[in-house]
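Below: the structure, in structure tokens.
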Amino acid sequence: LQPSSEYSPKEVVEIVLSALKEKDTPYPDAGIEQTFLFASPQNRQNTGPLSHFKAMVKQPMYATMIYHRSVEMGPTEIQGDTATIPIIITSLSGQIFGFLWILSQQKASPYENFWMTEGVRKVNLNQTLNAM
């Protein structure tokens, strides 16, 4: 899937998490490549190139999203051109983690009006539960 102005912030997160759940479908690291496509230009500049981004996603902080068992998404909060979504992920091993997904609505071409991932922060699980 390609980024589009048709996707809401929640839909972007659902696309990315689905890709990470099936990281190696249809080929190795396809899910991470899909995730990178939905990263904002600023995010790509900070975390790229793709080879660096792949290595980063495989680090313990983010690796819990790969092949996860389940996801629970809290309400989307939009303030101006920024959206945040609290997420609870149950990892493949059964551990539970809280994250805050941060998206921004792009202003410049070729992504004008697209919601894209600006960052993902691991947060205290109790904070995540309170936000839900």
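Order determines the names: the first chain of the structure tokens is A, the second B, and so forth; residues in each chain are numbered 1 upward, and ligands are numbered 1 upward as they are shown.
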Run DSSP on the backbone and give me the residues of chain A it puts in alpha helix (DSSP H), as a PDB file with C-alpha atoms, in the first residue's frame.
ATOM      1  CA  PRO A   9      -4.420   8.638  11.152  1.00  0.00           C
ATOM      2  CA  LYS A  10      -5.986   5.469  12.581  1.00  0.00           C
ATOM      3  CA  GLU A  11      -5.935   3.775   9.171  1.00  0.00           C
ATOM      4  CA  VAL A  12      -2.252   4.642   8.723  1.00  0.00           C
ATOM      5  CA  VAL A  13      -1.421   3.031  12.063  1.00  0.00           C
ATOM      6  CA  GLU A  14      -3.536  -0.028  11.223  1.00  0.00           C
ATOM      7  CA  ILE A  15      -1.703  -0.427   7.885  1.00  0.00           C
ATOM      8  CA  VAL A  16       1.704  -0.136   9.516  1.00  0.00           C
ATOM      9  CA  LEU A  17       0.924  -2.479  12.411  1.00  0.00           C
ATOM     10  CA  SER A  18      -0.556  -5.035  10.034  1.00  0.00           C
ATOM     11  CA  ALA A  19       2.622  -4.869   7.951  1.00  0.00           C
ATOM     12  CA  LEU A  20       4.809  -5.354  11.025  1.00  0.00           C
ATOM     13  CA  LYS A  21       2.678  -8.272  12.214  1.00  0.00           C
ATOM     14  CA  ALA A  30       8.489  -6.308   3.481  1.00  0.00           C
ATOM     15  CA  GLY A  31       6.586  -5.104   6.550  1.00  0.00           C
ATOM     16  CA  ILE A  32       9.415  -2.820   7.601  1.00  0.00           C
ATOM     17  CA  GLU A  33       9.621  -1.406   4.086  1.00  0.00           C
ATOM     18  CA  GLN A  34       5.861  -0.750   4.231  1.00  0.00           C
ATOM     19  CA  THR A  35       6.363   1.019   7.557  1.00  0.00           C
ATOM     20  CA  PHE A  36       9.110   3.217   6.059  1.00  0.00           C
ATOM     21  CA  LEU A  37       6.780   4.244   3.206  1.00  0.00           C
ATOM     22  CA  PRO A  41       9.745  12.869   5.097  1.00  0.00           C
ATOM     23  CA  GLN A  42      11.225  14.341   8.309  1.00  0.00           C
ATOM     24  CA  ASN A  43      11.048  10.932  10.010  1.00  0.00           C
ATOM     25  CA  ARG A  44      12.760   9.281   7.015  1.00  0.00           C
ATOM     26  CA  GLN A  45      15.482  11.919   7.095  1.00  0.00           C
ATOM     27  CA  ASN A  46      16.092  11.206  10.791  1.00  0.00           C
ATOM     28  CA  THR A  47      15.868   7.398  10.645  1.00  0.00           C
ATOM     29  CA  LEU A  50      15.986   2.151   4.680  1.00  0.00           C
ATOM     30  CA  SER A  51      18.828  -0.143   5.801  1.00  0.00           C
ATOM     31  CA  HIS A  52      19.275   1.923   8.976  1.00  0.00           C
ATOM     32  CA  PHE A  53      15.502   2.050   9.545  1.00  0.00           C
ATOM     33  CA  LYS A  54      15.288  -1.757   9.263  1.00  0.00           C
ATOM     34  CA  ALA A  55      18.027  -2.178  11.858  1.00  0.00           C
ATOM     35  CA  MET A  56      16.315   0.344  14.163  1.00  0.00           C
ATOM     36  CA  VAL A  57      12.928  -1.428  13.990  1.00  0.00           C
ATOM     37  CA  PRO A  60      14.288  -4.294  21.357  1.00  0.00           C
ATOM     38  CA  MET A  61      12.272  -1.090  21.760  1.00  0.00           C
ATOM     39  CA  TYR A  62      10.389  -1.564  18.491  1.00  0.00           C
ATOM     40  CA  ALA A  63      10.869  -5.293  17.828  1.00  0.00           C
ATOM     41  CA  LEU A 125       1.675   0.950  30.211  1.00  0.00           C
ATOM     42  CA  ASN A 126      -0.405   2.659  32.919  1.00  0.00           C
ATOM     43  CA  GLN A 127      -0.188   5.960  31.009  1.00  0.00           C
ATOM     44  CA  THR A 128      -1.412   4.170  27.892  1.00  0.00           C
ATOM     45  CA  LEU A 129      -4.303   2.529  29.746  1.00  0.00           C
ATOM     46  CA  ASN A 130      -5.313   5.901  31.210  1.00  0.00           C
ATOM     47  CA  ALA A 131      -5.344   7.439  27.710  1.00  0.00           C
TER      48      ALA A 131
END
Legend entry - Spatial neighbours of range 113-123 of chain A, 7 Å, only C-alpha atoms, chain gap at least 6 places, as a list in words: Pro3, Ser4, Ser5, Tyr7, Ser8, Pro9, Phe38, Ala39, Ser40, Asn43, Gly98, Phe99, Leu100, Trp101, Ile102, Leu103, Ser104, Gln105, Gln106 and Lys107 of chain A
Legend entry - chain A: residues DSSP assigns to strand (DSSP E), reported as an NGL selection string: :A and (70-73 or 77-79 or 82-90 or 96-105 or 115-123)
